[in-house]
Protein chains: 2
Amino acid sequence: MPANVPRDVDLLIEARWILPMSDGLPTLENHAIAVHDGRLLGPWPQAESALHVRPERVVRLEHHALLPGLINAHNHAGMSLMRGFADDLPLMTWLNQHIWPAESAYVTHEFVADGTRLACAEMLRGGTTTFADMYLSPEAVAEVVAPLGMRVQLCTPLIDFPTPWAPDFTTGLMKTDALRDQLAGYPRISLALGPHAPYTVGDASLDRLLETQHHLGLPIQMHVHETADEVERGMAQDGKRPLRRLFDAGLLGPHFQAVHMTQIDDSDLEILCETKTRVIHCPQSNLKLASGFCPVARLLDNDIAVALGTDGAASNNDLDMFDEMKCAALLAKGVSGDAAALPAMAALAMATREGARVLGMESHLGRLQEGFEADLIAVDLDKINSVPVHHPASAIVYAVNSQQVSHVWIGGEAHVVDGQLTSLDSDAIVAESQRYRDIMRHFPAQGDH
Amino acid sequence: MPANVPRDVDLLIEARWILPMSDGLPTLENHAIAVHDGRLLGPWPQAESALHVRPERVVRLEHHALLPGLINAHNHAGMSLMRGFADDLPLMTWLNQHIWPAESAYVTHEFVADGTRLACAEMLRGGTTTFADMYLSPEAVAEVVAPLGMRVQLCTPLIDFPTPWAPDFTTGLMKTDALRDQLAGYPRISLALGPHAPYTVGDASLDRLLETQHHLGLPIQMHVHETADEVERGMAQDGKRPLRRLFDAGLLGPHFQAVHMTQIDDSDLEILCETKTRVIHCPQSNLKLASGFCPVARLLDNDIAVALGTDGAASNNDLDMFDEMKCAALLAKGVSGDAAALPAMAALAMATREGARVLGMESHLGRLQEGFEADLIAVDLDKINSVPVHHPASAIVYAVNSQQVSHVWIGGEAHVVDGQLTSLDSDAIVAESQRYRDIMRHFPAQGDH
């Protein structure tokens with residue numbers, strides 16, 4: 001086809017601003033981008049798009065910013081039904097007296113499916129198109145996500161004690177292998193190994209994990225250095241910091257996604273740099289559980305890839321990536337004592353391009369660039385809480401709230417149109433979720449607070 | 001009137017939950033509260049309200065929480081037009097190269113009025129009914145707020161150098177006196193003395209401030225101990241910490257509202273306790289400008305009254321008190337290392353009852369209690385980001401976003417109905433504000449970022 005013949009495409013989106021999130025590309029004004037067969041073409045200045053494409057449909061977004069779909073790199077979606085179930089408690093009280101007993105009492109395949117549906121509705125409405133999930137029933141998550149068409153990295157729950165999913169660590173590894181085959185036909189669902197944390201996975205299990213990782217070639221996502229207490233206990237038990245233990249076990253590398261990392265000393269930093277291990281930062285969860293502060297500015301200064309996650313709704317208590325971007329950008333300044341740390345555009349990169357990099361999807365996801373997946377969102381900036389728009393990236397990170405997301409596409413398919421969720425029934429999900437309030441309200445530990 | 005004859009009232013509001021925010025009163029389920037002549041009656045169980053009142057109108061809120069209107073205790077409303085104008089910069093670069101030159105170039109009476117109108121629209125839409133303002137033209141703020149009917153504490157800008165408002169500190173004090181007379185007929189507008197900060201107000205001015213405070217009996221609101229640098233410079237110049245200098249000048253007391261207070265040592269704490277000086281906490285601004293961390297949990301443990309403020313939109317960048325409550329509750333946990341610090345109900349109290357206390361309005365504002373001002377807001381909790389509602393206060397602080405505010409009343413007058421701002425024209429304000437984007441885009445320091 002000669003270059004001067006416009007190509008037939010599914011959709012053309014014209015936007016006031018486009019933030020490609022590609023290295024070196026600035027924010028574009030009055031540009032357009034096209035979608036065909038789930039992939040992107042362009043962007044071009046609006047006046048030139050007719051030279052390139054002949055679209056079946058056109059969407060005009062006159063006061064909106066178009067950006068890549070947001071990537072929530074750490075979630076426990078099923079826990080959305082435990083949102084606000086127990087708050088303002090020290091971590092071990094929260095886990096031992098509330099979350100774990102409630103999980104024993106209530107968490108079934110159906111609970112996880114219902115919680116995941118609620119989480120997906122909230123994520124989509126708020127502009128999240130891809131998430132990584134780690135919870136007790138990955139099959140239940142897949143059941144919800146596969147027909148919906150969201151992108152997900154499912155992390156299988158691997159831990160040294162019996163769970164509803166697997167009686168032991170080795171069985172969990174075998175089930176991961178089986179699940180991989182079952183999910184082969186779902187290109188938007190990828191699989192990862194999800195060992196819980198260094199303190200719940202012994203050395204023998206780490207060895208088996210390494211074998212399986214070599215065999216299956218899957219990423220690993222693990223909670224690492226969530227608290228100072230974890231590091232101290234690791235030192236006492238193993239004579240080394242948990243990250244060093246994982247390094248010595250041969251597990252670290254660009255395929256390893258270390259979640260939280262609030263404790264990073266010089267030796268940890270050296271290990272992260274040397275192995276190109278990825279970090280997933282969950283600022284609101286770390287604050288809420290008083291876990292510590294991840295030194296994000298220092299990680300970025302050392303070229304470590306950092307993604308952003310909300311963690312589960314039980315420790316946040318929402319799955320709002322706009323909230324999370326703002327919190328990350330503000331907290332990085334407070335923690336580093338430098339108001340120039342983590343500027344708006346860097347926070348936005350963590351939630352898009354860098355999120356894709358951490359999940360190993362950077363070749364085709366996280367940027368608005370020709371050939372990339374057509375996962376994109378539009379944000380209406382013409383609202384009283386975000387005008388005047390002196391700089392779109394600043395408005396998006398520091399002023400916008402997630403309800404300003406007007407459109408969401410995944411692989412070119414619309415999920416939110418004019419602020420309305422079209423791929424799920426919000427009202428039905430709200431009603432279904434409130435049913436769990438009644439089911440769970442007589443749980444022994446629930447006082448009237 | 002005998003107790004068993006129901007009283008005619010303007011309005012009855014029936015709500016799924018009512019959070020009275022009165023000491024000792026729990027969250028009420030299925031109660032109603034009445035409004036008459038701008039004041040509250042009740043609350044009672046819904047089934048009993050007919051025994052007490054015969055309402056002209058009834059509003060039924062079946063899945064909403066009703067709470068006192070939020071109080072934003074520190075704002076520079078006119079600066080909303082500089083929202084996102086300059087971000088991610090060290091404090092002195094931000095002030096010297098961006099904010100102050102822009103103020104010189106653009107800030108007029110009209111600019112302040114337009115900025116204040118934008119700020120009021122955003123605050124009302126997000127459930128804020130009362131705010132304290134400190135900016136260059138209090139008359140312009142009064143012009144907007146008086147006909148609108150919001151409640152405001154106007155702090156006059158007092159500083160040791162010429163401003164568009166006053167050529168010197170003493171003239172500012174005289175203008176404050178005159179403004180007090182002009183505002184006598186506006187019961188919702190109160191006046192306070194607003195000396196800028198210890199480092200911009202010399203000893204002679206502090207003496208005159210004290211005289212005027214004694215003469216006029218007004219509260220004082222001042223930025224104090226915003227940064228460690230301020231304290232160090234104060235020590236170097238005066239041989240004592242700035243708070244001690246204000247104490248020695250005789251200025252502190254329950255009428256003194258100290259904004260920021262990120263630096264508090266034992267001697268500061270003793271002074272705050274002894275004088276019952278009030279503190280206004282602005283967590284998002286403190287983070288964004290890397291100013292430091294106010295030890296809120298420690299202040300509350302010492303029975304110091306703490307209110308919450310957004311600060312101006314140029315350092316936040318929104319005026320969203322839900323955002324601010326969540327940030328305050330999370331940050332207090334992170335800073336104190338205690339996940340039980342500043343629980344949801346305490347954060348909500350800071351934004352309501354304690355806000356009223358800090359502004360000296362606690363006798364009639366900040367609670368849903370018989371005889372109090374009918375400033376109240378309803379929040380629709382039946383949304384995908386806040387269900388299931390295991391505990392309403394948790395949902396409000398940790399999961400709700402400000403767009404869930406469905407109704408706002410001030411003195412019984414409706415400003416937001418079914419999520420729509422009714423007392424201001426949002427679309428016109430958005431268009432007017434965007435006009436400033438074009439006016440200010442050629443400002444010399446504005447790069448393409």
# chains A, B, ... in the order shown; residues from 1 in each chain; ligands from 1
call {"tool": "residues_around", "arguments": {"residues": "Val107 (chain A)", "least_positions_apart": "3", "cutoff": "12 Å", "atoms": "only C-alpha atoms", "output": "list of chain:residue names"}}
result
A:Gly78, A:Met79, A:Ser80, A:Leu81, A:Met82, A:Ile99, A:Trp100, A:Pro101, A:Ala102, A:Glu103, A:Ser104, A:Glu110, A:Phe111, A:Val112, A:Ala113, A:Asp114, A:Gly115, A:Tyr135, A:Leu136, A:Ser137, A:Ala140, A:Thr163, A:Pro164, A:Trp165, A:Tyr436, A:Ile439, A:Met440
call {"tool": "write_last_selection", "arguments": {"atoms": "N, CA, C and O atoms", "output": "JSON list (two decimals), in the first residue's frame"}}
result
[["chain", "number", "residue", "atom", "x", "y", "z"],
["A", 78, "GLY", "N", -9.94, -9.93, 45.24],
["A", 78, "GLY", "CA", -11.01, -10.57, 46.01],
["A", 78, "GLY", "C", -11.24, -9.90, 47.36],
["A", 78, "GLY", "O", -12.34, -9.98, 47.92],
["A", 79, "MET", "N", -10.21, -9.27, 47.89],
["A", 79, "MET", "CA", -10.32, -8.62, 49.20],
["A", 79, "MET", "C", -11.16, -7.35, 49.18],
["A", 79, "MET", "O", -11.38, -6.75, 50.23],
["A", 80, "SER", "N", -11.61, -6.94, 48.00],
["A", 80, "SER", "CA", -12.45, -5.73, 47.95],
["A", 80, "SER", "C", -13.70, -5.88, 48.83],
["A", 80, "SER", "O", -14.22, -4.89, 49.33],
["A", 81, "LEU", "N", -14.15, -7.12, 49.03],
["A", 81, "LEU", "CA", -15.31, -7.31, 49.90],
["A", 81, "LEU", "C", -14.96, -7.10, 51.37],
["A", 81, "LEU", "O", -15.84, -7.02, 52.22],
["A", 82, "MET", "N", -13.65, -7.02, 51.67],
["A", 82, "MET", "CA", -13.21, -6.72, 53.05],
["A", 82, "MET", "C", -12.75, -5.27, 53.17],
["A", 82, "MET", "O", -12.11, -4.91, 54.15],
["A", 99, "ILE", "N", -8.38, -10.16, 59.53],
["A", 99, "ILE", "CA", -8.34, -10.59, 58.13],
["A", 99, "ILE", "C", -8.27, -12.12, 58.00],
["A", 99, "ILE", "O", -9.09, -12.73, 57.30],
["A", 100, "TRP", "N", -7.31, -12.75, 58.68],
["A", 100, "TRP", "CA", -7.18, -14.19, 58.50],
["A", 100, "TRP", "C", -8.39, -14.97, 59.03],
["A", 100, "TRP", "O", -8.87, -15.88, 58.34],
["A", 101, "PRO", "N", -8.91, -14.64, 60.22],
["A", 101, "PRO", "CA", -10.15, -15.33, 60.64],
["A", 101, "PRO", "C", -11.31, -15.09, 59.67],
["A", 101, "PRO", "O", -12.09, -16.02, 59.39],
["A", 102, "ALA", "N", -11.44, -13.88, 59.18],
["A", 102, "ALA", "CA", -12.53, -13.61, 58.22],
["A", 102, "ALA", "C", -12.33, -14.41, 56.95],
["A", 102, "ALA", "O", -13.28, -14.93, 56.37],
["A", 103, "GLU", "N", -11.06, -14.52, 56.50],
["A", 103, "GLU", "CA", -10.81, -15.32, 55.30],
["A", 103, "GLU", "C", -11.20, -16.78, 55.54],
["A", 103, "GLU", "O", -11.81, -17.42, 54.68],
["A", 104, "SER", "N", -10.86, -17.29, 56.71],
["A", 104, "SER", "CA", -11.25, -18.68, 57.03],
["A", 104, "SER", "C", -12.76, -18.83, 57.00],
["A", 104, "SER", "O", -13.29, -19.84, 56.55],
["A", 110, "GLU", "N", -16.64, -18.41, 45.26],
["A", 110, "GLU", "CA", -17.67, -17.41, 44.94],
["A", 110, "GLU", "C", -17.32, -16.04, 45.52],
["A", 110, "GLU", "O", -17.52, -15.00, 44.88],
["A", 111, "PHE", "N", -16.80, -16.05, 46.75],
["A", 111, "PHE", "CA", -16.39, -14.80, 47.40],
["A", 111, "PHE", "C", -15.32, -14.11, 46.55],
["A", 111, "PHE", "O", -15.38, -12.90, 46.31],
["A", 112, "VAL", "N", -14.34, -14.89, 46.10],
["A", 112, "VAL", "CA", -13.25, -14.30, 45.31],
["A", 112, "VAL", "C", -13.78, -13.78, 43.97],
["A", 112, "VAL", "O", -13.42, -12.68, 43.52],
["A", 113, "ALA", "N", -14.69, -14.54, 43.36],
["A", 113, "ALA", "CA", -15.25, -14.08, 42.08],
["A", 113, "ALA", "C", -16.05, -12.79, 42.28],
["A", 113, "ALA", "O", -15.90, -11.82, 41.52],
["A", 114, "ASP", "N", -16.86, -12.74, 43.33],
["A", 114, "ASP", "CA", -17.67, -11.54, 43.58],
["A", 114, "ASP", "C", -16.78, -10.35, 43.93],
["A", 114, "ASP", "O", -17.01, -9.22, 43.47],
["A", 115, "GLY", "N", -15.78, -10.59, 44.76],
["A", 115, "GLY", "CA", -14.85, -9.51, 45.12],
["A", 115, "GLY", "C", -14.08, -9.02, 43.92],
["A", 115, "GLY", "O", -13.84, -7.81, 43.76],
["A", 135, "TYR", "N", -4.11, -13.69, 44.95],
["A", 135, "TYR", "CA", -5.08, -14.06, 45.99],
["A", 135, "TYR", "C", -5.39, -15.54, 45.94],
["A", 135, "TYR", "O", -4.81, -16.28, 45.13],
["A", 136, "LEU", "N", -6.33, -15.95, 46.80],
["A", 136, "LEU", "CA", -6.45, -17.37, 47.10],
["A", 136, "LEU", "C", -7.01, -18.23, 45.98],
["A", 136, "LEU", "O", -6.82, -19.43, 46.00],
["A", 137, "SER", "N", -7.71, -17.65, 45.03],
["A", 137, "SER", "CA", -8.30, -18.48, 43.99],
["A", 137, "SER", "C", -8.09, -17.85, 42.61],
["A", 137, "SER", "O", -8.98, -17.19, 42.09],
["A", 140, "ALA", "N", -10.86, -18.28, 40.09],
["A", 140, "ALA", "CA", -12.04, -17.43, 40.23],
["A", 140, "ALA", "C", -11.78, -16.06, 39.58],
["A", 140, "ALA", "O", -12.67, -15.47, 38.96],
["A", 163, "THR", "N", -3.56, -23.72, 52.28],
["A", 163, "THR", "CA", -4.56, -22.68, 51.97],
["A", 163, "THR", "C", -5.72, -23.38, 51.28],
["A", 163, "THR", "O", -5.61, -24.55, 50.90],
["A", 164, "PRO", "N", -6.82, -22.67, 51.11],
["A", 164, "PRO", "CA", -7.93, -23.29, 50.36],
["A", 164, "PRO", "C", -7.50, -23.68, 48.95],
["A", 164, "PRO", "O", -8.12, -24.53, 48.31],
["A", 165, "TRP", "N", -6.42, -23.08, 48.44],
["A", 165, "TRP", "CA", -6.02, -23.33, 47.06],
["A", 165, "TRP", "C", -5.09, -24.54, 46.94],
["A", 165, "TRP", "O", -5.20, -25.31, 45.98],
["A", 436, "TYR", "N", -22.76, -8.72, 51.22],
["A", 436, "TYR", "CA", -21.68, -9.22, 52.08],
["A", 436, "TYR", "C", -21.57, -8.42, 53.38],
["A", 436, "TYR", "O", -21.07, -8.92, 54.38],
["A", 439, "ILE", "N", -23.87, -10.33, 55.53],
["A", 439, "ILE", "CA", -23.30, -11.64, 55.85],
["A", 439, "ILE", "C", -22.20, -11.51, 56.90],
["A", 439, "ILE", "O", -22.11, -12.30, 57.83],
["A", 440, "MET", "N", -21.36, -10.47, 56.75],
["A", 440, "MET", "CA", -20.15, -10.38, 57.58],
["A", 440, "MET", "C", -20.34, -9.54, 58.83],
["A", 440, "MET", "O", -19.43, -9.44, 59.65]]
call {"tool": "residues_around", "arguments": {"residues": "Ala340 (chain B)", "least_positions_apart": "4", "cutoff": "7 Å", "atoms": "only C-alpha atoms", "output": "PyMOL selection string"}}
result
(chain A and resi 88-90) or (chain B and resi 333)
call {"tool": "closest_residue", "arguments": {"among": "A:Gly419, A:Gly355, A:Gly234, A:Gly292", "to": "chain B", "atoms": "only C-alpha atoms"}}
result
A:Gly292
call {"tool": "residues_around", "arguments": {"residues": "Ala346 (chain B)", "least_positions_apart": "5", "cutoff": "12 Å", "atoms": "only C-alpha atoms", "output": "PyMOL selection string"}}
result
(chain A and resi 88+449) or (chain B and resi 21-23+296-297+300-301+305-308+325-326+328-330+332+340-341+351-355+393-394+396-397)
call {"tool": "closest_residue", "arguments": {"among": "A:Met350, A:Leu269, A:Leu289, A:Ile18", "to": "chain B", "atoms": "only C-alpha atoms"}}
result
A:Leu289
